>>> print(open('structure09.txt').read())   # compact mmCIF, C-alpha atoms
# COMPACT_ATOMS: atom_id res chain seq x y z
CA MET J 22 -7.32 -4.72 -9.87
CA SER J 23 -10.33 -6.57 -11.18
CA GLY J 24 -10.69 -10.20 -10.27
CA GLY J 25 -8.35 -10.17 -7.30
CA ILE J 26 -4.59 -10.37 -6.97
CA ASP J 27 -2.38 -13.05 -8.42
CA THR J 28 0.01 -13.76 -5.55
CA ALA J 29 3.25 -14.68 -7.32
CA GLY J 30 2.68 -12.28 -10.19
CA ASP J 31 1.94 -9.31 -7.97
CA ILE J 32 4.86 -9.98 -5.62
CA ALA J 33 7.16 -10.02 -8.64
CA THR J 34 5.44 -6.90 -9.94
CA GLY J 35 5.92 -5.25 -6.58
CA LEU J 36 9.61 -6.06 -6.64
CA PHE J 37 10.13 -4.62 -10.09
CA VAL J 38 7.95 -1.56 -9.46
CA ALA J 39 9.93 -0.98 -6.30
CA ARG J 40 13.20 -1.34 -8.19
CA ALA J 41 11.93 1.18 -10.73
CA VAL J 42 12.00 3.87 -8.06
CA GLU J 43 15.07 2.51 -6.30
CA PRO J 44 18.27 3.95 -7.80
CA PRO J 45 21.22 1.59 -8.24
CA ALA J 46 24.03 2.13 -5.80
CA GLY J 47 27.44 0.91 -6.82
CA GLU J 48 26.69 -2.79 -7.18
CA THR J 49 29.05 -4.70 -9.41
CA ALA J 50 27.70 -5.42 -12.86
CA HIS J 51 28.52 -8.46 -14.97
CA GLY J 52 29.10 -8.90 -18.66
CA PRO J 53 31.33 -7.23 -21.25
CA LEU J 54 31.96 -3.51 -21.12
CA ALA J 55 30.59 -1.39 -23.95
CA HIS J 56 33.22 -0.21 -26.43
CA GLY J 57 34.44 2.86 -24.57
CA LEU J 58 31.15 4.75 -24.89
CA CYS J 59 27.93 4.71 -22.91
CA LEU J 60 25.27 3.04 -25.03
CA ASN J 61 22.61 5.28 -23.51
CA CYS J 62 24.09 8.78 -23.99
CA GLY J 63 27.35 8.26 -25.86
CA THR J 64 29.60 9.68 -23.13
CA ALA J 65 33.13 8.24 -22.86
CA LEU J 66 33.29 5.70 -20.05
CA HIS J 67 35.70 6.04 -17.14
CA GLY J 68 34.90 3.00 -15.03
CA GLU J 69 31.96 0.61 -14.84
CA PHE J 70 29.24 3.29 -14.80
CA CYS J 71 28.64 6.34 -16.99
CA HIS J 72 29.37 9.50 -15.03
CA ALA J 73 26.81 11.45 -17.11
CA CYS J 74 23.66 9.30 -16.95
CA GLY J 75 24.56 6.53 -14.49
CA GLN J 76 23.96 3.59 -16.83
CA SER J 77 26.20 0.57 -16.38
CA GLY J 78 28.88 0.09 -18.97
CA HIS J 79 28.20 -3.66 -18.91
CA VAL J 80 25.44 -4.79 -21.26
CA HIS J 81 23.55 -8.09 -21.40
CA ARG J 82 22.18 -9.61 -24.59
CA SER J 83 21.46 -13.22 -23.78
CA LEU J 84 18.66 -15.34 -22.34
CA HIS J 85 20.99 -16.23 -19.48
CA SER J 86 21.23 -12.56 -18.55
CA ILE J 87 17.43 -12.28 -18.42
CA GLY J 88 17.29 -15.14 -15.95
CA HIS J 89 20.11 -13.59 -13.94
CA ASP J 90 18.32 -10.23 -13.79
CA LEU J 91 15.10 -11.93 -12.67
CA LEU J 92 16.79 -13.86 -9.87
CA HIS J 93 18.83 -10.82 -8.90
CA GLY J 94 15.70 -8.67 -8.69
CA VAL J 95 13.65 -11.17 -6.70
CA PHE J 96 16.27 -12.48 -4.28
CA HIS J 97 18.74 -9.62 -3.96
CA PHE J 98 16.73 -6.43 -4.51
CA GLU J 99 20.16 -5.01 -5.34
CA GLY J 100 21.57 -6.43 -2.11
CA LYS J 101 20.10 -3.70 0.06
CA ILE J 102 16.93 -5.48 1.15
CA TRP J 103 18.89 -7.71 3.52
CA ARG J 104 20.31 -4.68 5.31
CA THR J 105 17.09 -2.68 5.28
CA VAL J 106 14.40 -5.10 6.49
CA PRO J 107 16.22 -6.30 9.64
CA MET J 108 16.84 -2.68 10.62
CA LEU J 109 13.23 -1.78 9.84
CA VAL J 110 12.08 -4.52 12.21
CA PHE J 111 14.58 -4.19 15.05
CA GLN J 112 16.10 -0.68 14.67
CA PRO J 113 13.50 1.40 12.80
CA GLY J 114 14.61 4.66 14.37
CA ALA J 115 18.24 4.16 13.39
CA LEU J 116 17.22 3.24 9.84
CA THR J 117 15.07 6.36 9.51
CA ARG J 118 17.69 8.64 11.01
CA ARG J 119 20.53 7.25 8.91
CA TYR J 120 18.55 7.48 5.67
CA ILE J 121 17.58 11.09 6.37
CA ALA J 122 21.19 11.89 7.26
CA GLY J 123 22.31 10.77 3.81
CA GLU J 124 23.11 7.04 3.94
CA ARG J 125 21.12 6.25 0.81
CA ALA J 126 23.30 3.67 -0.96
CA ARG J 127 23.16 1.14 1.88
CA PHE J 128 19.38 0.92 2.23
CA VAL J 129 16.27 0.42 0.13
CA SER J 130 14.55 3.76 -0.25
CA PRO J 131 11.34 4.23 1.78
CA LEU J 132 9.12 4.52 -1.30
CA ALA J 133 10.56 1.42 -2.95
CA LEU J 134 10.07 -0.60 0.24
CA PHE J 135 6.56 0.81 0.67
CA LEU J 136 5.53 -0.21 -2.86
CA PHE J 137 6.84 -3.72 -2.35
CA ALA J 138 5.07 -3.96 1.03
CA VAL J 139 1.76 -2.91 -0.56
CA PHE J 140 1.95 -5.65 -3.18
CA LEU J 141 3.08 -8.21 -0.61
CA MET J 142 0.29 -7.37 1.84
CA PHE J 143 -2.57 -7.52 -0.64
CA ALA J 144 -1.18 -10.61 -2.36
CA THR J 145 -0.92 -12.38 1.00
CA ILE J 146 -4.40 -11.32 2.06
CA HIS J 147 -5.78 -12.60 -1.22
CA ALA J 148 -3.89 -15.89 -0.93
CA PHE J 149 -4.71 -16.65 2.72
CA GLY J 150 -7.68 -14.46 3.57
CA GLY J 151 -10.31 -16.84 2.30
CA GLU J 152 -13.87 -15.77 1.65
CA LEU J 153 -14.58 -12.41 3.21
CA GLY J 154 -18.21 -13.27 3.83
CA ALA J 155 -17.62 -16.70 5.33
CA ASP J 156 -18.35 -15.56 8.89
CA LEU J 157 -21.59 -13.68 8.14
CA PRO J 158 -24.76 -14.89 9.79
CA PRO J 159 -26.98 -16.76 7.29
CA ALA J 160 -29.64 -14.01 7.26
CA ALA J 161 -27.09 -11.26 6.61
CA ARG J 162 -25.40 -13.29 3.88
CA GLU J 163 -28.76 -13.98 2.25
CA THR J 164 -29.65 -10.28 2.33
CA ALA J 165 -26.32 -9.36 0.75
CA LEU J 166 -26.82 -11.96 -1.97
CA GLN J 167 -30.32 -10.66 -2.68
CA ASN J 168 -29.02 -7.11 -3.02
CA ILE J 169 -26.26 -8.23 -5.37
CA ASP J 170 -28.67 -10.31 -7.45
CA ALA J 171 -31.08 -7.37 -7.72
CA ASP J 172 -28.28 -5.07 -8.89
CA ILE J 173 -27.11 -7.66 -11.43
CA ALA J 174 -30.63 -7.89 -12.83
CA LYS J 175 -30.88 -4.09 -13.08
CA GLY J 176 -27.47 -3.92 -14.74
CA GLN J 177 -28.36 -6.58 -17.28
CA ALA J 178 -31.61 -4.80 -18.13
CA LYS J 179 -29.77 -1.48 -18.52
CA LEU J 180 -27.14 -3.12 -20.71
CA ALA J 181 -29.84 -4.64 -22.94
CA ARG J 182 -31.50 -1.21 -23.36
CA LEU J 183 -28.21 0.44 -24.27
CA GLN J 184 -27.31 -2.25 -26.77
CA THR J 185 -30.68 -2.08 -28.55
CA ALA J 186 -31.11 1.71 -28.46
CA PRO J 187 -30.05 3.96 -31.35
CA ARG J 188 -26.31 4.51 -31.20
CA ARG J 189 -25.18 7.84 -29.71
CA ALA J 190 -21.81 9.46 -29.38
CA ASN J 191 -21.17 8.21 -25.85
CA ALA J 192 -23.00 4.88 -26.15
CA ASP J 193 -19.83 2.78 -26.15
CA ALA J 194 -18.56 4.45 -22.98
CA LYS J 195 -21.88 3.83 -21.20
CA ILE J 196 -21.95 0.19 -22.29
CA ALA J 197 -18.38 -0.33 -21.10
CA LYS J 198 -19.25 1.25 -17.73
CA VAL J 199 -22.27 -1.03 -17.22
CA GLN J 200 -20.27 -4.10 -18.22
CA GLU J 201 -17.54 -3.19 -15.72
CA ASP J 202 -20.16 -2.78 -12.99
CA LEU J 203 -21.62 -6.18 -13.84
CA ARG J 204 -18.20 -7.81 -13.62
CA SER J 205 -17.65 -6.24 -10.21
CA LEU J 206 -21.06 -7.44 -9.03
CA GLN J 207 -20.37 -10.96 -10.21
CA VAL J 208 -17.02 -11.04 -8.42
CA ALA J 209 -18.63 -9.65 -5.28
CA ARG J 210 -21.28 -12.35 -5.39
CA SER J 211 -18.76 -15.11 -6.02
CA VAL J 212 -16.75 -14.24 -2.89
CA MET J 213 -19.90 -13.73 -0.78
CA ASP J 214 -18.66 -10.32 0.29
CA GLY J 215 -20.72 -9.38 3.35
CA GLY J 216 -20.13 -6.33 5.56
CA SER J 217 -23.58 -5.45 6.91
CA GLY J 218 -21.82 -4.32 10.07
CA VAL J 219 -19.43 -1.92 8.33
CA THR J 220 -18.35 1.07 10.39
CA ILE J 221 -16.35 4.22 9.83
CA GLY J 222 -14.34 4.69 12.99
CA ASP J 223 -16.73 3.42 15.68
CA VAL J 224 -19.89 4.73 14.01
CA PRO J 225 -22.14 2.24 12.18
CA LEU J 226 -22.84 3.23 8.60
CA SER J 227 -26.53 2.71 9.24
CA GLY J 228 -26.55 5.77 11.49
CA LEU J 229 -23.87 7.91 9.87
CA ARG J 230 -24.71 11.23 8.19
CA THR J 231 -22.41 14.03 7.09
CA ASP J 232 -22.75 17.35 5.30
CA TRP J 233 -20.41 16.16 2.55
CA HIS J 234 -22.70 15.14 -0.32
CA ALA J 235 -20.13 12.95 -2.07
CA LEU J 236 -19.35 11.07 1.13
CA ASP J 237 -23.03 10.60 2.00
CA LYS J 238 -23.59 9.21 -1.48
CA GLY J 239 -20.77 6.71 -1.00
CA ILE J 240 -22.10 5.69 2.42
CA ALA J 241 -25.55 5.15 0.91
CA LYS J 242 -24.04 2.78 -1.66
CA VAL J 243 -22.28 0.84 1.09
CA LYS J 244 -25.56 0.46 3.01
CA ALA J 245 -27.47 -0.52 -0.11
CA ASN J 246 -24.97 -3.14 -1.23
CA PRO J 247 -22.24 -3.82 1.32
CA GLY J 248 -20.77 -6.72 -0.63
CA LEU J 249 -20.04 -4.78 -3.79
CA ALA J 250 -18.99 -1.71 -1.82
CA LEU J 251 -16.42 -3.59 0.26
CA TYR J 252 -15.05 -5.34 -2.81
CA LYS J 253 -14.53 -2.00 -4.56
CA LEU J 254 -13.13 -0.43 -1.40
CA GLN J 255 -10.53 -3.19 -1.18
CA SER J 256 -9.62 -2.72 -4.85
CA SER J 257 -9.33 1.04 -4.44
CA ALA J 258 -7.26 0.74 -1.26
CA TYR J 259 -4.86 -1.53 -3.13
CA LYS J 260 -4.34 1.02 -5.90
CA TYR J 261 -4.43 4.22 -3.86
CA SER J 262 -2.65 3.17 -0.68
CA TRP J 263 0.12 5.65 -1.53
CA ALA J 264 -2.29 8.40 -0.44
CA LEU J 265 -1.72 7.31 3.16
CA ILE J 266 1.71 8.96 3.02
CA PRO J 267 0.53 12.56 2.37
CA ILE J 268 -2.46 12.02 4.67
CA SER J 269 -0.30 10.82 7.58
CA THR J 270 2.72 13.12 7.26
CA PRO J 271 1.02 16.29 8.62
CA PHE J 272 -0.09 14.38 11.73
CA VAL J 273 3.50 13.41 12.51
CA ALA J 274 4.56 17.00 11.88
CA LEU J 275 2.07 18.13 14.55
CA LEU J 276 4.09 16.17 17.12
CA PHE J 277 7.18 18.28 16.40
CA LEU J 278 5.78 21.76 15.75
CA TRP J 279 8.27 23.39 18.11
CA ARG J 280 11.26 21.45 16.76
CA ARG J 281 12.01 23.35 13.58
CA ARG J 282 15.07 21.34 12.66
CA TYR J 283 12.73 18.55 11.54
CA LYS J 284 11.15 19.22 8.15
CA LEU J 285 8.23 17.67 6.31
CA TYR J 286 10.70 15.57 4.33
CA ASP J 287 11.94 13.98 7.57
CA HIS J 288 8.39 13.20 8.67
CA ALA J 289 7.53 11.74 5.25
CA ILE J 290 10.49 9.35 5.46
CA PHE J 291 9.37 8.34 8.96
CA VAL J 292 5.78 7.73 7.79
CA THR J 293 6.77 5.77 4.69
CA TYR J 294 9.07 3.38 6.54
CA SER J 295 6.46 2.98 9.29
CA LEU J 296 3.68 2.16 6.82
CA ALA J 297 5.95 -0.32 5.04
CA PHE J 298 6.57 -2.13 8.34
CA MET J 299 2.86 -2.22 9.23
CA MET J 300 1.97 -3.70 5.83
CA MET J 301 4.69 -6.32 6.16
CA LEU J 302 3.32 -7.12 9.62
CA VAL J 303 -0.15 -7.68 8.17
CA ALA J 304 1.33 -9.98 5.51
CA SER J 305 3.28 -11.91 8.16
CA LEU J 306 0.27 -12.31 10.46
CA SER J 307 -1.93 -13.42 7.56
CA THR J 308 0.64 -16.07 6.71
CA ALA J 309 0.90 -17.10 10.36
CA GLY J 310 -2.87 -17.54 10.59
CA ALA J 311 -2.87 -19.61 7.41
CA ILE J 312 -0.29 -22.05 8.78
CA GLY J 313 -2.17 -22.58 12.02
CA VAL J 314 -0.87 -20.01 14.50
CA GLY J 315 -3.55 -19.39 17.13
CA SER J 316 -5.80 -16.38 16.81
CA GLY J 317 -5.09 -15.44 20.42
CA LEU J 318 -1.37 -15.04 19.76
CA ILE J 319 -2.04 -13.14 16.55
CA GLY J 320 -4.40 -10.83 18.43
CA LEU J 321 -1.72 -10.11 21.04
CA LEU J 322 0.79 -9.31 18.31
CA VAL J 323 -1.70 -6.96 16.65
CA MET J 324 -2.19 -5.14 19.95
CA PHE J 325 1.43 -4.83 21.04
CA VAL J 326 3.74 -4.86 18.01
CA PRO J 327 2.55 -1.64 16.28
CA PRO J 328 2.81 0.64 19.37
CA VAL J 329 6.18 -0.87 20.36
CA HIS J 330 7.49 -0.32 16.85
CA MET J 331 6.16 3.25 16.78
CA PHE J 332 7.84 3.96 20.11
CA ALA J 333 11.18 2.55 18.94
CA GLN J 334 11.05 4.41 15.64
CA LEU J 335 10.07 7.72 17.23
CA ARG J 336 12.75 7.49 19.88
CA GLY J 337 15.50 6.51 17.46
CA ALA J 338 14.59 8.72 14.51
CA TYR J 339 14.10 11.89 16.53
CA THR J 340 16.54 11.12 19.39
CA LEU J 341 13.82 11.42 22.04
CA ARG J 342 13.84 10.55 25.72
CA LYS J 343 11.61 7.69 26.83
CA ARG J 344 8.88 9.90 28.29
CA SER J 345 8.85 12.17 25.27
CA ALA J 346 8.65 9.20 22.90
CA LEU J 347 5.91 7.59 25.00
CA TRP J 348 3.38 10.42 24.85
CA ARG J 349 4.08 10.88 21.16
CA THR J 350 3.44 7.18 20.60
CA VAL J 351 0.02 7.48 22.24
CA ALA J 352 -0.78 10.52 20.10
CA LEU J 353 0.53 8.78 16.98
CA ILE J 354 -1.77 5.79 17.53
CA VAL J 355 -4.75 8.17 17.69
CA PHE J 356 -3.52 10.01 14.60
CA ALA J 357 -3.08 6.71 12.77
CA TRP J 358 -6.74 5.83 13.25
CA ILE J 359 -7.75 9.29 12.12
CA ALA J 360 -5.59 8.94 9.01
CA LEU J 361 -7.10 5.54 8.19
CA THR J 362 -10.60 6.91 8.66
CA ALA J 363 -9.79 9.89 6.44
CA PHE J 364 -8.39 7.53 3.81
CA ALA J 365 -11.56 5.42 3.80
CA CYS J 366 -13.77 8.51 3.63
CA LEU J 367 -11.67 9.91 0.79
CA LEU J 368 -12.15 6.74 -1.24
CA LEU J 369 -15.90 6.92 -0.70
CA ALA J 370 -16.14 10.63 -1.46
CA MET J 371 -14.05 10.44 -4.61
CA GLY J 372 -16.51 8.05 -6.15
CA PHE J 373 -14.69 4.74 -6.01
CA MET J 374 -17.95 3.20 -4.95
CA GLU J 375 -19.55 4.06 -8.27
>>> encode(input="structure09.txt", output="structure tokens")
Amino acid sequence: MSGGIDTAGDIATGLFVARAVEPPAGETAHGPLAHGLCLNCGTALHGEFCHACGQSGHVHRSLHSIGHDLLHGVFHFEGKIWRTVPMLVFQPGALTRRYIAGERARFVSPLALFLFAVFLMFATIHAFGGELGADLPPAARETALQNIDADIAKGQAKLARLQTAPRRANADAKIAKVQEDLRSLQVARSVMDGGSGVTIGDVPLSGLRTDWHALDKGIAKVKANPGLALYKLQSSAYKYSWALIPISTPFVALLFLWRRRYKLYDHAIFVTYSLAFMMMLVASLSTAGAIGVGSGLIGLLVMFVPPVHMFAQLRGAYTLRKRSALWRTVALIVFAWIALTAFACLLLAMGFME
């Protein structure tokens, strides 16, 4: 995701990526039927869809059909988005429970909705977030710029040495790596990416030490050049946000250890729908801030909407009593912060700060 996110392009991409994992479910096709045989597998057709592979018997071969498919994908999402999103917002527990119980054709699948929410959130942040370093104190911004400029100079010198040195087997790969680093540095400088006060959890990076060598190395890079590090962290989070699902699912499972009728699959569906809602909330609040909604109101929504939604989803999805859902909501909020911290540490440790 070099160079940021193109808002319209990535929202459309999110829709079509989401549709790629969202199976069709009995929606009426348009256009002429194929001549008695499925054009995909050759099976004789008995109805509008092939009973062997599921492909529609109606085929499109016109520019008009391309436009129709585009509008259908963006505005209809196969018709299910309009049933799914309102339930996700106002009846998240019922949506989760009904999907797990087998009502798949009526709703967008959790993974498809999650993928779309990821693209929507990062596209909105990019469109309305402004310059990430705009609020830095002048001294901190100047220090960040000096660090970035020093790294750019080192990178340019290294690139010049590689280009003038005798060619070796891996020379092209090294040159490409240095050029990519230089592009990242230039982008980081252009957006004035600050972050001298970066923390993991509540611990400042300046005082954080671990026994995990890879993580300590990543932390050192953040301290040395917070602008570049935060830019790369944002890019990595955009591409690897799916990892939040397997990271978070075991924490939800811990809340129901003694209820064996709930399986990991059930918890994964819960987590995926919940994450999709939270990302859509971030996109909505970013848009609200951009159109002039007060920061005080946005802050209140940030504080109250996520726990209320968690409570409603827990109670409805797992058919819990109010008291039982309440203590699990408190625990889930703690687990959510742990999962986010683990996700950030994982990105650092895996070398995305290189």
>>> closest_atom_pairs(input="structure09.txt", of="segment 102-151 of chain J", to="segment 293-296 of chain J", cutoff="7 Å", atoms="only C-alpha atoms", output="tab-separated table")
residue	atom	partner	partner_atom	distance
J:Pro131	CA	J:Tyr294	CA	5.3
J:Leu132	CA	J:Thr293	CA	6.6
J:Phe135	CA	J:Thr293	CA	6.4
>>> atom_distance(input="structure09.txt", atom1="atom CA of Phe272 of chain J", atom2="atom CA of Val110 of chain J")
22.5 Å
>>> residues_around(input="structure09.txt", residues="segment 193-197 of chain J", least_positions_apart="6", cutoff="9 Å", atoms="only C-alpha atoms", output="MDAnalysis selection string")
chainID J and resid 179:180 183:184
>>> atom_distance(input="structure09.txt", atom1="atom CA of Phe111 of chain J", atom2="atom CA of Ala352 of chain J")
21.9 Å
>>> axis_aligned_box(input="structure09.txt", around="segment 131-145 of chain J", padding_each_side="8 Å", output="lines of an AutoDock Vina configuration file")
center_x = 4.4
center_y = -3.9
center_z = -0.7
size_x = 29.9
size_y = 32.9
size_z = 21.0
>>> atom_distance(input="structure09.txt", atom1="atom CA of Ala338 of chain J", atom2="atom CA of Ser307 of chain J")
28.5 Å
>>> residues_around(input="structure09.txt", residues="Ala73 of chain J", least_positions_apart="2", cutoff="7 Å", atoms="all atoms listed in the file", output="list in words")
Thr64, Cys71 and Gly75 of chain J
>>> residues_around(input="structure09.txt", residues="segment 279-291 of chain J", least_positions_apart="5", cutoff="7 Å", atoms="all atoms listed in the file", output="NGL selection string")
:J and (117 or 121 or 131 or 266 or 270 or 273-274)
>>> write_last_selection(input="structure09.txt", atoms="C-alpha atoms", output="PDB file, keeping the file's coordinate frame")
ATOM      1  CA  THR J 117      15.070   6.360   9.510  1.00  0.00           C
ATOM      2  CA  ILE J 121      17.580  11.090   6.370  1.00  0.00           C
ATOM      3  CA  PRO J 131      11.340   4.230   1.780  1.00  0.00           C
ATOM      4  CA  ILE J 266       1.710   8.960   3.020  1.00  0.00           C
ATOM      5  CA  THR J 270       2.720  13.120   7.260  1.00  0.00           C
ATOM      6  CA  VAL J 273       3.500  13.410  12.510  1.00  0.00           C
ATOM      7  CA  ALA J 274       4.560  17.000  11.880  1.00  0.00           C
TER       8      ALA J 274
END
>>> residues_around(input="structure09.txt", residues="Gly176 of chain J", least_positions_apart="4", cutoff="9 Å", atoms="only C-alpha atoms", output="number ranges by chain")
J: 171-172, 180-181, 199-200, 202-203
>>> closest_residue(input="structure09.txt", among="J:Thr362, J:Ala333, J:Ala357, J:Met300", to="Ala144 of chain J", atoms="only C-alpha atoms")
J:Met300
>>> closest_residue(input="structure09.txt", among="J:His147, J:Lys198, J:His72, J:Arg349", to="Thr308 of chain J", atoms="only C-alpha atoms")
J:His147
>>> build_atoms(input="structure09.txt", residues="segment 346-357 of chain J", atoms="N, CA, C and O atoms", output="JSON list (two decimals), in the coordinates of the input")
[["chain", "number", "residue", "atom", "x", "y", "z"],
["J", 346, "ALA", "N", 9.07, 10.14, 23.94],
["J", 346, "ALA", "CA", 8.65, 9.20, 22.90],
["J", 346, "ALA", "C", 7.34, 8.51, 23.26],
["J", 346, "ALA", "O", 6.53, 8.20, 22.38],
["J", 347, "LEU", "N", 7.11, 8.31, 24.57],
["J", 347, "LEU", "CA", 5.91, 7.59, 25.00],
["J", 347, "LEU", "C", 4.64, 8.38, 24.70],
["J", 347, "LEU", "O", 3.69, 7.84, 24.13],
["J", 348, "TRP", "N", 4.62, 9.67, 25.09],
["J", 348, "TRP", "CA", 3.38, 10.42, 24.85],
["J", 348, "TRP", "C", 3.16, 10.64, 23.35],
["J", 348, "TRP", "O", 2.01, 10.67, 22.88],
["J", 349, "ARG", "N", 4.24, 10.75, 22.61],
["J", 349, "ARG", "CA", 4.08, 10.88, 21.16],
["J", 349, "ARG", "C", 3.57, 9.59, 20.53],
["J", 349, "ARG", "O", 2.84, 9.62, 19.54],
["J", 350, "THR", "N", 3.95, 8.46, 21.11],
["J", 350, "THR", "CA", 3.44, 7.18, 20.60],
["J", 350, "THR", "C", 1.93, 7.09, 20.80],
["J", 350, "THR", "O", 1.19, 6.67, 19.90],
["J", 351, "VAL", "N", 1.46, 7.49, 21.97],
["J", 351, "VAL", "CA", 0.02, 7.48, 22.24],
["J", 351, "VAL", "C", -0.70, 8.39, 21.24],
["J", 351, "VAL", "O", -1.73, 8.01, 20.65],
["J", 352, "ALA", "N", -0.16, 9.59, 21.05],
["J", 352, "ALA", "CA", -0.78, 10.52, 20.10],
["J", 352, "ALA", "C", -0.72, 9.96, 18.68],
["J", 352, "ALA", "O", -1.68, 10.12, 17.90],
["J", 353, "LEU", "N", 0.38, 9.31, 18.34],
["J", 353, "LEU", "CA", 0.53, 8.78, 16.98],
["J", 353, "LEU", "C", -0.46, 7.66, 16.70],
["J", 353, "LEU", "O", -0.97, 7.53, 15.58],
["J", 354, "ILE", "N", -0.76, 6.84, 17.71],
["J", 354, "ILE", "CA", -1.77, 5.79, 17.53],
["J", 354, "ILE", "C", -3.13, 6.41, 17.23],
["J", 354, "ILE", "O", -3.86, 5.96, 16.33],
["J", 355, "VAL", "N", -3.48, 7.47, 17.96],
["J", 355, "VAL", "CA", -4.75, 8.17, 17.69],
["J", 355, "VAL", "C", -4.74, 8.76, 16.29],
["J", 355, "VAL", "O", -5.70, 8.62, 15.51],
["J", 356, "PHE", "N", -3.63, 9.41, 15.93],
["J", 356, "PHE", "CA", -3.52, 10.01, 14.60],
["J", 356, "PHE", "C", -3.60, 8.95, 13.50],
["J", 356, "PHE", "O", -4.14, 9.21, 12.42],
["J", 357, "ALA", "N", -3.05, 7.76, 13.77],
["J", 357, "ALA", "CA", -3.08, 6.71, 12.77],
["J", 357, "ALA", "C", -4.51, 6.29, 12.45],
["J", 357, "ALA", "O", -4.87, 6.09, 11.28]]
